[in-house]
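*Asks:* For reference, this is work29.cif, and it has mmCIF, C-alpha atoms.
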data_input
loop_
_atom_site.label_atom_id
_atom_site.label_comp_id
_atom_site.auth_asym_id
_atom_site.auth_seq_id
_atom_site.Cartn_x
_atom_site.Cartn_y
_atom_site.Cartn_z
CA MET A 1 84.35 126.41 -9.71
CA ALA A 2 82.84 123.52 -7.83
CA LYS A 3 81.91 124.12 -4.22
CA ASN A 4 82.41 120.56 -3.02
CA LYS A 5 84.25 117.44 -4.06
CA ARG A 6 81.19 115.72 -5.50
CA ASP A 7 80.67 118.43 -8.09
CA THR A 8 84.32 118.46 -9.10
CA ARG A 9 85.30 116.58 -12.19
CA ILE A 10 88.09 114.15 -11.80
CA VAL A 11 90.64 114.49 -14.51
CA ARG A 12 92.81 111.45 -14.88
CA LEU A 13 95.91 111.39 -16.92
CA ARG A 14 96.03 108.61 -19.40
CA LYS A 15 98.76 106.16 -18.84
CA LYS A 16 101.19 106.24 -21.74
CA PRO A 17 101.14 103.06 -23.78
CA ASN A 18 104.16 100.86 -23.42
CA ARG A 19 106.17 101.47 -26.53
CA PRO A 20 108.91 99.11 -27.48
CA GLU A 21 112.36 100.28 -26.66
CA ILE A 22 114.56 101.39 -29.51
CA ASP A 23 116.56 98.16 -29.43
CA GLU A 24 113.39 96.07 -29.74
CA ALA A 25 112.08 98.23 -32.59
CA GLN A 26 115.42 98.01 -34.39
CA ALA A 27 115.43 94.23 -34.00
CA ARG A 28 111.94 94.04 -35.47
CA GLY A 29 113.02 96.27 -38.36
CA ALA A 30 116.05 94.08 -39.01
CA LYS A 31 113.86 90.97 -39.04
CA THR A 32 111.48 92.66 -41.49
CA ASP A 33 114.40 93.58 -43.76
CA GLU A 34 115.65 90.00 -43.60
CA PHE A 35 112.18 88.68 -44.54
CA ARG A 36 111.85 91.26 -47.30
CA THR A 37 115.21 90.22 -48.80
CA TRP A 38 114.35 86.52 -48.57
CA LEU A 39 110.91 87.04 -50.14
CA ARG A 40 112.37 89.15 -52.95
CA GLY A 41 114.74 86.27 -53.77
CA VAL A 42 111.91 83.73 -53.74
CA VAL A 43 109.72 85.88 -56.00
CA GLU A 44 112.60 86.41 -58.44
CA GLY A 45 113.26 82.65 -58.39
CA THR A 46 109.76 81.89 -59.69
CA GLY A 47 110.66 83.30 -63.09
CA LYS A 48 107.49 85.41 -63.08
CA SER A 49 107.33 89.16 -63.02
CA LEU A 50 106.24 90.83 -59.80
CA HIS A 51 103.06 91.98 -61.52
CA ALA A 52 102.28 88.42 -62.64
CA VAL A 53 102.75 87.09 -59.10
CA GLU A 54 100.41 89.77 -57.75
CA MET A 55 97.80 89.06 -60.42
CA ASP A 56 97.94 85.29 -59.81
CA ALA A 57 97.60 85.87 -56.08
CA GLY A 58 94.69 88.29 -56.54
CA ILE A 59 96.51 91.24 -54.94
CA ARG A 60 95.49 94.67 -56.13
CA GLY A 61 97.31 97.96 -55.81
CA ASN A 62 100.88 96.67 -56.08
CA GLY A 63 100.83 95.62 -52.39
CA LEU A 64 103.60 93.05 -52.72
CA GLY A 65 105.80 95.41 -54.72
CA LYS A 66 105.35 98.19 -52.17
CA PHE A 67 106.32 95.82 -49.36
CA LEU A 68 109.40 94.57 -51.22
CA ARG A 69 110.54 98.13 -51.93
CA GLY A 70 110.06 99.10 -48.28
CA GLU A 71 107.20 101.52 -48.96
CA ARG A 72 104.84 99.55 -46.73
CA GLY A 73 105.05 98.92 -43.01
CA GLN A 74 106.99 96.26 -41.24
CA ARG A 75 105.41 92.86 -40.67
CA HIS A 76 101.95 94.35 -41.06
CA GLY A 77 102.74 95.33 -44.64
CA LEU A 78 101.90 91.76 -45.60
CA THR A 79 98.84 90.60 -43.73
CA PRO A 80 98.13 86.90 -43.15
CA LEU A 81 95.45 87.10 -45.86
CA LEU A 82 97.95 88.37 -48.44
CA ILE A 83 100.47 85.74 -47.35
CA ARG A 84 97.87 82.99 -47.82
CA ARG A 85 97.24 84.25 -51.33
CA ILE A 86 100.92 84.54 -52.24
CA ALA A 87 102.08 81.16 -50.85
CA PRO A 88 100.71 78.85 -53.58
CA VAL A 89 101.78 81.23 -56.35
CA ILE A 90 105.45 81.27 -55.26
CA SER A 91 105.41 77.57 -54.23
CA VAL A 92 106.26 78.14 -50.57
CA GLY A 93 104.31 76.67 -47.67
CA GLU A 94 101.78 79.01 -46.12
CA GLU A 95 102.97 78.15 -42.62
CA GLU A 96 106.61 78.89 -43.50
CA LEU A 97 105.68 82.26 -44.98
CA LEU A 98 103.58 83.17 -41.93
CA ALA A 99 106.43 82.19 -39.59
CA ARG A 100 109.06 84.14 -41.53
CA ALA A 101 106.78 87.19 -41.61
CA GLY A 102 106.38 87.03 -37.83
CA HIS A 103 102.68 86.16 -37.77
CA LEU A 104 103.02 82.77 -36.01
CA SER A 105 103.52 82.39 -32.28
CA TYR A 106 104.73 78.79 -32.62
CA GLU A 107 107.30 76.88 -34.58
CA PRO A 108 106.23 75.81 -38.09
CA GLY A 109 105.22 72.17 -38.21
CA ASN A 110 104.42 72.10 -34.49
CA PRO A 111 101.19 74.05 -33.98
CA PRO A 112 99.28 74.01 -30.69
CA VAL A 113 96.40 71.57 -30.73
CA GLU A 114 93.80 74.35 -30.73
CA ALA A 115 95.36 75.97 -33.80
CA ALA A 116 95.46 72.63 -35.61
CA ILE A 117 91.78 72.01 -34.84
CA LEU A 118 90.76 75.49 -36.00
CA ALA A 119 92.84 75.21 -39.19
CA ASP A 120 91.34 71.84 -40.18
CA ARG A 121 89.00 72.61 -43.08
CA ALA A 122 87.43 69.14 -42.97
CA LEU A 123 85.74 69.95 -39.64
CA ASP A 124 82.66 72.12 -39.36
CA THR A 125 82.25 74.80 -36.68
CA GLU A 126 80.24 72.55 -34.38
CA ALA A 127 82.88 69.79 -34.46
CA LYS A 128 85.67 72.31 -33.81
CA THR A 129 83.79 73.72 -30.81
CA LEU A 130 83.21 70.23 -29.43
CA LEU A 131 86.86 69.19 -29.83
CA ILE A 132 88.20 72.37 -28.21
CA GLY A 133 85.73 71.95 -25.33
CA LEU A 134 86.84 68.34 -24.79
CA LEU A 135 90.47 69.39 -24.90
CA GLY A 136 89.79 72.01 -22.24
CA ARG A 137 88.12 69.43 -20.00
CA LEU A 138 91.00 66.99 -20.43
CA ARG A 139 93.53 69.66 -19.59
CA GLY A 140 91.49 70.64 -16.54
CA ARG A 141 91.59 67.04 -15.27
CA LYS A 142 95.30 66.78 -15.92
CA GLU A 143 96.01 69.89 -13.81
CA THR A 144 93.89 68.67 -10.85
CA ARG A 145 95.82 65.37 -10.76
CA ARG A 146 99.17 67.11 -10.35
#
Spell out the structure here as structure tokens.
*Replies:*
Amino acid sequence: MAKNKRDTRIVRLRKKPNRPEIDEAQARGAKTDEFRTWLRGVVEGTGKSLHAVEMDAGIRGNGLGKFLRGERGQRHGLTPLLIRRIAPVISVGEEELLARAGHLSYEPGNPPVEAAILADRALDTEAKTLLIGLLGRLRGRKETRR
């Protein structure tokens, strides 16, 4: 045992992470089921087999099939990378798929300016950095005028 307070170890209890309430988790599950059903219908509407869609999209390990059957997690069962690969194969916009899967924090067709700059493939990294910096300065001026 420690003789004084300095030699005593302080044991702190970890704060429990905030877990979503059951209602929130159920709502997320329902949204995932809705997306899964919609995506299944779109894939069937292509006229291709599930295996052919996966092969064309470059997905290995039956990832899309596992998601559609419910064997893979909720919205994280289809990562943004997989969605970007699937979109052109099933002829659905990448942005629409990302929004329906719950990966977008904004409405499709109305991205924040920063996201639009970063998504523009015609700009190099230096130009993107410059534009975002200028945008930040302009927003800073706008707030000081208010």
*Asks:* What's the separation between atom CA of A:Asp33 and atom CA of A:Arg69, in Å to one decimal place?
*Replies:* 10.1 Å
*Asks:* Against stretch 38-57 of chain A, which residues of stretch 84-113 of chain A fall within 10 Å? For each one I want the closest pair of atoms and the distance in Å (one decimal), counting all atoms listed in the file, rows by chain and increasing residue number, as CSV.
*Replies:*
residue,atom,partner,partner_atom,distance
A:Arg84,CA,A:Ala57,CA,8.8
A:Arg85,CA,A:Ala57,CA,5.0
A:Ile86,CA,A:Ala57,CA,5.2
A:Ala87,CA,A:Ala57,CA,8.3
A:Pro88,CA,A:Ala57,CA,8.1
A:Val89,CA,A:Ala57,CA,6.3
A:Ile90,CA,A:Thr46,CA,6.2
A:Ser91,CA,A:Thr46,CA,8.2
A:Val92,CA,A:Val42,CA,8.6
A:Leu97,CA,A:Leu39,CA,8.8
A:Arg100,CA,A:Trp38,CA,9.1
A:Ala101,CA,A:Leu39,CA,9.5
*Asks:* Rounded to one decimal in Å, what is the spacing between atom CA of A:Gly70 and atom CA of A:Ala30?
*Replies:* 12.1 Å
*Asks:* Could you jot down the atom CA of A:Leu138 to atom CA of A:Glu95 separation for me, Å, one decimal place?
*Replies:* 27.6 Å
*Asks:* Neighbours of A:Leu68 within 9 Å (only C-alpha atoms; same-chain residues fewer than 2 positions away dropped), as a list of chain:residue names?
*Replies:*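 With the cut-off at 9 Å, the set is A:Arg36, A:Thr37, A:Leu39, A:Arg40, A:Gly63, A:Leu64, A:Gly65, A:Lys66, A:Gly70, A:Glu71, A:Arg72.
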*Asks:* Keeping C-alpha atoms for every residue in the selection just given, could you write it to a file as an mmCIF file, in the coordinates of the input?
*Replies:*
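Printed below is result.cif as written:
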data_model
loop_
_atom_site.group_PDB
_atom_site.id
_atom_site.type_symbol
_atom_site.label_atom_id
_atom_site.label_comp_id
_atom_site.auth_asym_id
_atom_site.auth_seq_id
_atom_site.Cartn_x
_atom_site.Cartn_y
_atom_site.Cartn_z
ATOM 1 C CA ARG A 36 111.850 91.260 -47.300
ATOM 2 C CA THR A 37 115.210 90.220 -48.800
ATOM 3 C CA LEU A 39 110.910 87.040 -50.140
ATOM 4 C CA ARG A 40 112.370 89.150 -52.950
ATOM 5 C CA GLY A 63 100.830 95.620 -52.390
ATOM 6 C CA LEU A 64 103.600 93.050 -52.720
ATOM 7 C CA GLY A 65 105.800 95.410 -54.720
ATOM 8 C CA LYS A 66 105.350 98.190 -52.170
ATOM 9 C CA GLY A 70 110.060 99.100 -48.280
ATOM 10 C CA GLU A 71 107.200 101.520 -48.960
ATOM 11 C CA ARG A 72 104.840 99.550 -46.730
#
*Asks:* Measuring atom to atom with all atoms listed in the file, identify which of A:Ile59, A:Leu131, A:Leu81, A:Leu98 is nearest to A:Val113.
*Replies:*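 Of A:Ile59, A:Leu131, A:Leu81, A:Leu98, the one nearest A:Val113, counting all atoms listed in the file, is A:Leu131.
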